[in-house]
There are 2 protein chains.
Amino acid sequence: MARVVGRSVGSSAPRSADVARVAGVSRKTVSRVLNNEPYVSDEVRRRVLEAAEELGYRLNHAARALASGRNRSIGVVALGTAGYGTASLLVGIEKAVRDSGYALRVVNTADGDPEGIAGAVMSLREQGVDGIVVSEPIVEGEVSLKVDVPVLFLGAPPAFTSARTLTVGVGAYALARAATDHLLDLGHTTVHHLAGPGRWYASKDRLAGWRSALAARGAHEPPVIEGDWSPASGYAAGVELAADSSVTAVFAAGDDMAIGLIHALREAGRRVPEDISVVGFDGNPVFAHVTPPLTTVRQPFDAAAREGIRLLMHAIEEPETDLPPASEPPVELVVRGSTAPPPTRKAPARGRRTASRSRGSAHAPPAGDGPPTTD
Amino acid sequence: MARVVGRSVGSSAPRSADVARVAGVSRKTVSRVLNNEPYVSDEVRRRVLEAAEELGYRLNHAARALASGRNRSIGVVALGTAGYGTASLLVGIEKAVRDSGYALRVVNTADGDPEGIAGAVMSLREQGVDGIVVSEPIVEGEVSLKVDVPVLFLGAPPAFTSARTLTVGVGAYALARAATDHLLDLGHTTVHHLAGPGRWYASKDRLAGWRSALAARGAHEPPVIEGDWSPASGYAAGVELAADSSVTAVFAAGDDMAIGLIHALREAGRRVPEDISVVGFDGNPVFAHVTPPLTTVRQPFDAAAREGIRLLMHAIEEPETDLPPASEPPVELVVRGSTAPPPTRKAPARGRRTASRSRGSAHAPPAGDGPPTTD
DNA sequence: TTGAAAGCGCTAACAC
DNA sequence: GTGTTAGCGCTTTCAA
C-alpha cells in the first residue's frame with residue numbers, strides 16, 4: 001500500500017481538501033462525489049473515492065449541516081418506558097431511519113404531557129433534525145407549538161401543527177375490534193374492557209374499536225375500567241371484575257395488563273378461559289408460554305414504523321410532491337389459550353369466522369378520526 | 001410586549017447576531033451568556049437572555065459543533081431488540097444523558113457482531129458524538145477499531161481501544177451467584193444453567209457467577225444448555241431438561257427464557273416449583289403475575305446507566321482528571337413463587353449418569369472461558 | 001463537466 | 001468585563 005499522501009502523521013482527521021489534493025481535483029468535486037451528484041465523470045469519481053478510502057476520510061456532518069441547512073437526521077420523541085410496545089416501535093423506527101441513511105436522535109418524555117412533548121420537540125429542533133417522529137403521545141391538552149419541519153405522528157392524531165403533518169396508525173381501532181369480535185364470536189353476550197389511561201390516544205382508539213364491535217352486535221356496553229398499562233393495574237382491575245359474576249369476557253388494552261388481570265381472576269377462583277376469557281393487546285411472544293397462553297392481537301410495529309418513515313422521508317426530500325398513500329397494515333389476531341366459549345351456555349354455533357386480516361368490519365374509521373370517545 | 005427588533009417578518013430563524021443587536025452587545029458576549037461562561041456582568045447577562053427570549057432565539061448546534069469541536073451529544077450502540085433488558089438500559093441511558101444536557105444518538109446493530117459494532121461506532125463518530133456507549137455487545141471476535149473519543153462499555157468488557165475506555169458492569173456475576181446461591185440455600189444439591197448465547201459477554205458473566213456459586217459449595221456442575229434469550233429457546237431447553245429426572249433446580253440467564261422453560265417443564269408433567277425450581281434473570285415486573293410467579297434477580301439498569309454516563313461525562317469534560325471510582329450496584333434477589341426446596345426425598349436415590357459429558361470442574365474460571373456450547 | 005469564491009452561525013484567541 | 005478578528009469543514013452560487 002503506497003503512501004501517497006505527504007504527511008499524515010501528527011495531523012488530525014483528513015478533510016475534504018486533503019481528499020481533493022490527493023485526487024487532484026477541487027473540493028467542490030469531492031463534495032459532488034460524496035453526495036452522489038450528477039455531472040462527474042466516472043474517472044474522476046473513482047479517483048476521489050480511492051483517495052477518500054486511502055486517507056480514511058470521514059465527512060464532517062456538522063459542517064455539512066451548517067453549510068447546507070440539511071442535517072440528515074431525524075428526531076424521535078418517545079415515552080421513557082421499557083414496555084414491549086414502546087420499545088418495539090422505537091426499534092422499528094431506528095431501523096427504518098438508518099435504512100434511509102439518516103441519523104436518529106432520541107428524546108424521551110417521562111409522561112407524555114403537553115409540556116414534556118413540547119420541550120422534547122423544541123430540543124430536537126434545536127439539534128437541527130430534518131424531521132420529527134412523535135410516537136404514541138397522549139392526546140389530552142393542547143401542545144401549542146409550531147414546528148418548521150415535517151412531523152410524523154405514529155399511532156396518534158396530530159397534537160400540534162408543523163410544516164407538514166403526517167399520520168400513520170398502527171390499526172389499533174381495527175385490532176381492538178377484531179379482539180372483541182373474537183370474543184363475541186365465541187358466544188359471549190358482551191365483553192368488558194380494561195382500557196389504558198384515558199389521556200392516551202392509544203387508549204381511546206382501542207376503546208372505540210371495542211365499542212364499535214359491541215354496537216355492531218347490539219351487545220350491552222359494560223362500564224369501562226381504566227388501567228395504566230402496568231400489570232399491577234391489570235391485577236387491580238381483575239380483583240374488581242372477579243367480584244362481578246356476570247363477567248365472562250374481557251378485552252385488555254395491553255398484554256401486561258391482561259396478565260395481571262388473569263392473575264387476579266384466578267386468585268379469586270375464576271378460571272381462565274373456562275369461566276372468563278381474556279384477550280390482550282400487543283403481541284409480546286413471551287405470553288405464548290404462560291398459563292394460560294394469552295390470546296392477543298399483534299401490533300404491526302415494524303410495518304407502521306417503516307411506512308411512517310417512508311412518508312416522512314418523502315416529505316423531507318420532496319416537499320412539493322403529494323405523498324403516496326399509506327397502506328393499512330393487516331390485522332393479526334393471535335388465538336391462544338386464554339379465550340373459550342362462555343361457561344354454562346351451550347357452545348355457540350361453529351360459525352367461527354374470526355376477523356383475521358382484512359379490515360374485518362363494516363366501517364373502520366382510520367386513525368385520526370375521532371370515533372365516539374367517552375372518557 | 002414591545003417589538004424592539006426592526007424586522008422579523010420574512011426572515012428566518014434569528015441568529016446570535018440578532019440577539020446581540022437587540023441586547024446591544026457583541027456576538028461573543030451572547031455566546032458567553034449562552035454557555036454560562038464567567039466574566040459577564042449580571043446586568044448584561046439579563047439583557048441578553050431577555051433579548052433571546054423575545055426573539056425566540058435557538059442556538060444552532062451544528063454551527064457550535066463546527067466552531068468548537070465539541071458536539072454535546074453522545075452516541076449509543078444498542079441491540080435492535082425490544083427485550084425488557086435492552087430497552088430498560090436504553091431508557092436509563094437516555095435519561096442520564098439528557099440530564100447531563102447532552103443529546104443522544106442511537107444506532108442499533110441487528111446482531112452484535114464485530115462488523116456491525118464497528119460500523120455503528122464509525123457512523124457515530126462521523127456524526128460527531130463526543131462519547132460513545134456500547135451497551136451489551138458480544139464479546140467474540142476482535143473489533144479492530146480505534147476511536148478518538150471516550151467509550152463506555154456498559155455491562156461488558158472493552159471490545160476495542162479508544163481515547164479513554166470506561167467499563168461499568170451491571171453486577172451480572174454477583175447476581176448470577178445470588179440466584180444460584182438462593183437455589184442451593186433451598187437445599188438443592190446442584191443447579192442447572194440455561195445460558196444465553198455463548199458469544200454474548202452477558203452470557204459468560206452469568207455463567208461464571210453460576211459456576212462459582214456451585215464451586216463454592218462443592219456442588220456438581222451439570223452441563224450447560226444454551227439458549228438465545230427467546231422464550232422459545234427456553235421452551236426447547238425445558239423439553240430437554242424435563243427428560244432428566246435428576247434436575248431439581250434451574251437458573252435461566254433471562255426471564256423470558258425462564259418462562260419458556262417453565263412452560264415446557266409443566267407441559268411435561270413436572271411441577272414448578274414442587275418438582276423443579278426455576279430462577280430467572282432481569283426483573284421484568286410482569287412475571288410477578290404469571291403462574292408460578294417468577295423468582296428472579298433484578299438488574300440495576302438505571303443505576304448502571306447513571307453511573308456509566310457520569311463516568312463518561314467526566315472523561316469528556318475533564319480528560320485530565322482521574323475518574324471517581326464506580327460504586328457497585330446492590331444485588332437484588334426477588335423471591336417469588338417459582339422456587340422451593342427440592343422435592344420430598346430423604347436420600348437422593350438417583351445415579352446421576354444422565355448426561356455425563358459435563359466437565360465437572362471444581363473451580364470457577366473467570367468469564368472469557370468458553371463454556372461447552374450446545375446450540 | 002469542473003472550479004473559485006463566498007459564506008453557513010458559531011466559538012477561539014487575543015486584544016482592549 | 002467586553003469586543004475584534006479569524007476561522008471550523010462543508011456546500012453553495014456562479015463562472016468557466
# chains A, B, ... in the order shown; residues from 1 in each chain; ligands from 1
>>> residues_around(residues="range 107-123 of chain B", least_positions_apart="4", cutoff="10 Å", atoms="only C-alpha atoms (C1' of nucleotides)", output="ChimeraX atom specification")
/A:58,91,94-95,97-98,103-105 /B:75-81,127-129,132-147,151,159-160,199-200
>>> write_last_selection(atoms="N, CA and C atoms", output="short mmCIF file (atom, residue, chain, number, x, y, z; two decimals), in the first residue's frame")
data_model
loop_
_atom_site.label_atom_id
_atom_site.label_comp_id
_atom_site.auth_asym_id
_atom_site.auth_seq_id
_atom_site.Cartn_x
_atom_site.Cartn_y
_atom_site.Cartn_z
N ARG A 58 -13.52 10.83 6.60
CA ARG A 58 -14.89 10.76 7.09
C ARG A 58 -15.48 12.17 7.05
N VAL A 91 -37.48 0.46 18.02
CA VAL A 91 -36.56 -0.38 17.24
C VAL A 91 -36.92 -0.30 15.76
N GLU A 94 -35.88 3.10 14.40
CA GLU A 94 -34.43 3.20 14.23
C GLU A 94 -34.00 2.51 12.95
N LYS A 95 -34.51 1.34 12.74
CA LYS A 95 -34.12 0.59 11.54
C LYS A 95 -34.53 1.32 10.27
N VAL A 97 -35.11 4.45 9.82
CA VAL A 97 -34.35 5.69 9.66
C VAL A 97 -32.94 5.38 9.17
N ARG A 98 -32.34 4.38 9.75
CA ARG A 98 -30.98 4.02 9.36
C ARG A 98 -30.94 3.57 7.91
N ALA A 103 -29.54 9.81 10.46
CA ALA A 103 -29.18 9.50 11.84
C ALA A 103 -30.42 9.68 12.72
N LEU A 104 -30.39 9.08 13.86
CA LEU A 104 -31.54 9.13 14.76
C LEU A 104 -31.19 9.78 16.08
N ARG A 105 -31.99 10.72 16.48
CA ARG A 105 -31.82 11.33 17.80
C ARG A 105 -33.05 11.03 18.61
N GLY B 75 -23.34 9.11 21.59
CA GLY B 75 -23.98 8.09 20.76
C GLY B 75 -24.04 6.76 21.49
N VAL B 76 -25.07 6.01 21.22
CA VAL B 76 -25.15 4.70 21.85
C VAL B 76 -25.36 3.61 20.80
N VAL B 77 -24.59 2.57 20.96
CA VAL B 77 -24.71 1.40 20.10
C VAL B 77 -25.52 0.37 20.88
N ALA B 78 -26.70 0.07 20.40
CA ALA B 78 -27.55 -0.85 21.14
C ALA B 78 -27.94 -2.03 20.26
N LEU B 79 -28.57 -3.00 20.88
CA LEU B 79 -29.07 -4.13 20.12
C LEU B 79 -30.46 -3.81 19.63
N GLY B 80 -30.75 -4.14 18.43
CA GLY B 80 -32.06 -3.85 17.89
C GLY B 80 -33.12 -4.84 18.32
N THR B 81 -33.32 -4.93 19.61
CA THR B 81 -34.36 -5.83 20.10
C THR B 81 -35.22 -5.09 21.12
N GLN B 127 -20.84 11.23 12.90
CA GLN B 127 -21.89 12.16 13.30
C GLN B 127 -21.39 13.14 14.34
N GLY B 128 -20.17 12.93 14.77
CA GLY B 128 -19.57 13.89 15.67
C GLY B 128 -19.94 13.79 17.13
N VAL B 129 -20.19 12.59 17.61
CA VAL B 129 -20.50 12.46 19.03
C VAL B 129 -19.24 12.65 19.88
N ILE B 132 -19.12 7.65 23.32
CA ILE B 132 -19.92 6.53 22.80
C ILE B 132 -20.21 5.53 23.91
N VAL B 133 -21.42 5.02 23.91
CA VAL B 133 -21.79 3.97 24.85
C VAL B 133 -22.04 2.70 24.06
N VAL B 134 -21.35 1.66 24.41
CA VAL B 134 -21.59 0.37 23.78
C VAL B 134 -22.30 -0.47 24.82
N SER B 135 -23.53 -0.80 24.52
CA SER B 135 -24.35 -1.45 25.52
C SER B 135 -24.56 -2.92 25.20
N GLU B 136 -24.02 -3.76 26.03
CA GLU B 136 -24.23 -5.20 25.89
C GLU B 136 -23.89 -5.76 24.52
N PRO B 137 -22.69 -5.64 24.08
CA PRO B 137 -22.32 -6.21 22.79
C PRO B 137 -21.88 -7.65 22.99
N ILE B 138 -21.55 -8.28 21.93
CA ILE B 138 -20.99 -9.61 22.06
C ILE B 138 -19.53 -9.45 22.40
N VAL B 139 -18.90 -10.53 22.75
CA VAL B 139 -17.50 -10.41 23.12
C VAL B 139 -16.61 -11.11 22.12
N GLU B 140 -17.20 -12.01 21.37
CA GLU B 140 -16.38 -12.81 20.48
C GLU B 140 -15.92 -12.01 19.26
N GLY B 141 -14.76 -12.35 18.79
CA GLY B 141 -14.26 -11.67 17.61
C GLY B 141 -13.61 -10.36 18.01
N GLU B 142 -12.68 -9.93 17.21
CA GLU B 142 -11.97 -8.70 17.50
C GLU B 142 -12.59 -7.56 16.70
N VAL B 143 -12.89 -6.51 17.38
CA VAL B 143 -13.34 -5.33 16.68
C VAL B 143 -12.09 -4.48 16.51
N SER B 144 -11.60 -4.41 15.30
CA SER B 144 -10.38 -3.62 15.12
C SER B 144 -10.81 -2.21 14.80
N LEU B 145 -10.55 -1.35 15.73
CA LEU B 145 -11.13 -0.03 15.66
C LEU B 145 -10.36 0.83 16.64
N LYS B 146 -10.14 2.05 16.26
CA LYS B 146 -9.53 2.97 17.21
C LYS B 146 -10.33 4.24 17.17
N VAL B 147 -10.91 4.55 18.29
CA VAL B 147 -11.79 5.70 18.34
C VAL B 147 -11.14 6.81 19.15
N VAL B 151 -15.07 5.91 25.30
CA VAL B 151 -16.10 4.90 25.05
C VAL B 151 -16.44 4.21 26.36
N ALA B 159 -14.21 -3.85 24.05
CA ALA B 159 -14.06 -4.68 22.85
C ALA B 159 -13.09 -4.05 21.87
N PHE B 160 -12.72 -2.82 22.10
CA PHE B 160 -11.73 -2.17 21.24
C PHE B 160 -11.15 -0.99 21.99
N ARG B 199 -21.69 -16.24 22.61
CA ARG B 199 -20.94 -15.11 22.10
C ARG B 199 -21.15 -13.85 22.92
N TRP B 200 -22.22 -13.83 23.68
CA TRP B 200 -22.52 -12.64 24.47
C TRP B 200 -21.71 -12.61 25.75
#
>>> interface_residues(of="chain C", to="chain A", cutoff="10 Å", atoms="only C-alpha atoms (C1' of nucleotides)", output="PyMOL selection string")
chain C and resi 1-4+7-10
>>> atom_distance(atom1="CA of Glu240 in chain A", atom2="CA of Ala252 in chain A")
13.9 Å
>>> residues_around(residues="Asp282 in chain B", least_positions_apart="4", cutoff="7 Å", atoms="only C-alpha atoms (C1' of nucleotides)", output="ChimeraX atom specification")
/B:85,254-255,296-299
>>> calpha_fit_rmsd(fixed="chain B", moving="chain A")
5.4 Å
>>> residues_around(residues="range 88-90 of chain A", least_positions_apart="4", cutoff="7 Å", atoms="only C-alpha atoms (C1' of nucleotides)", output="PyMOL selection string")
(chain A and resi 84+94+301-302+305) or (chain B and resi 82)
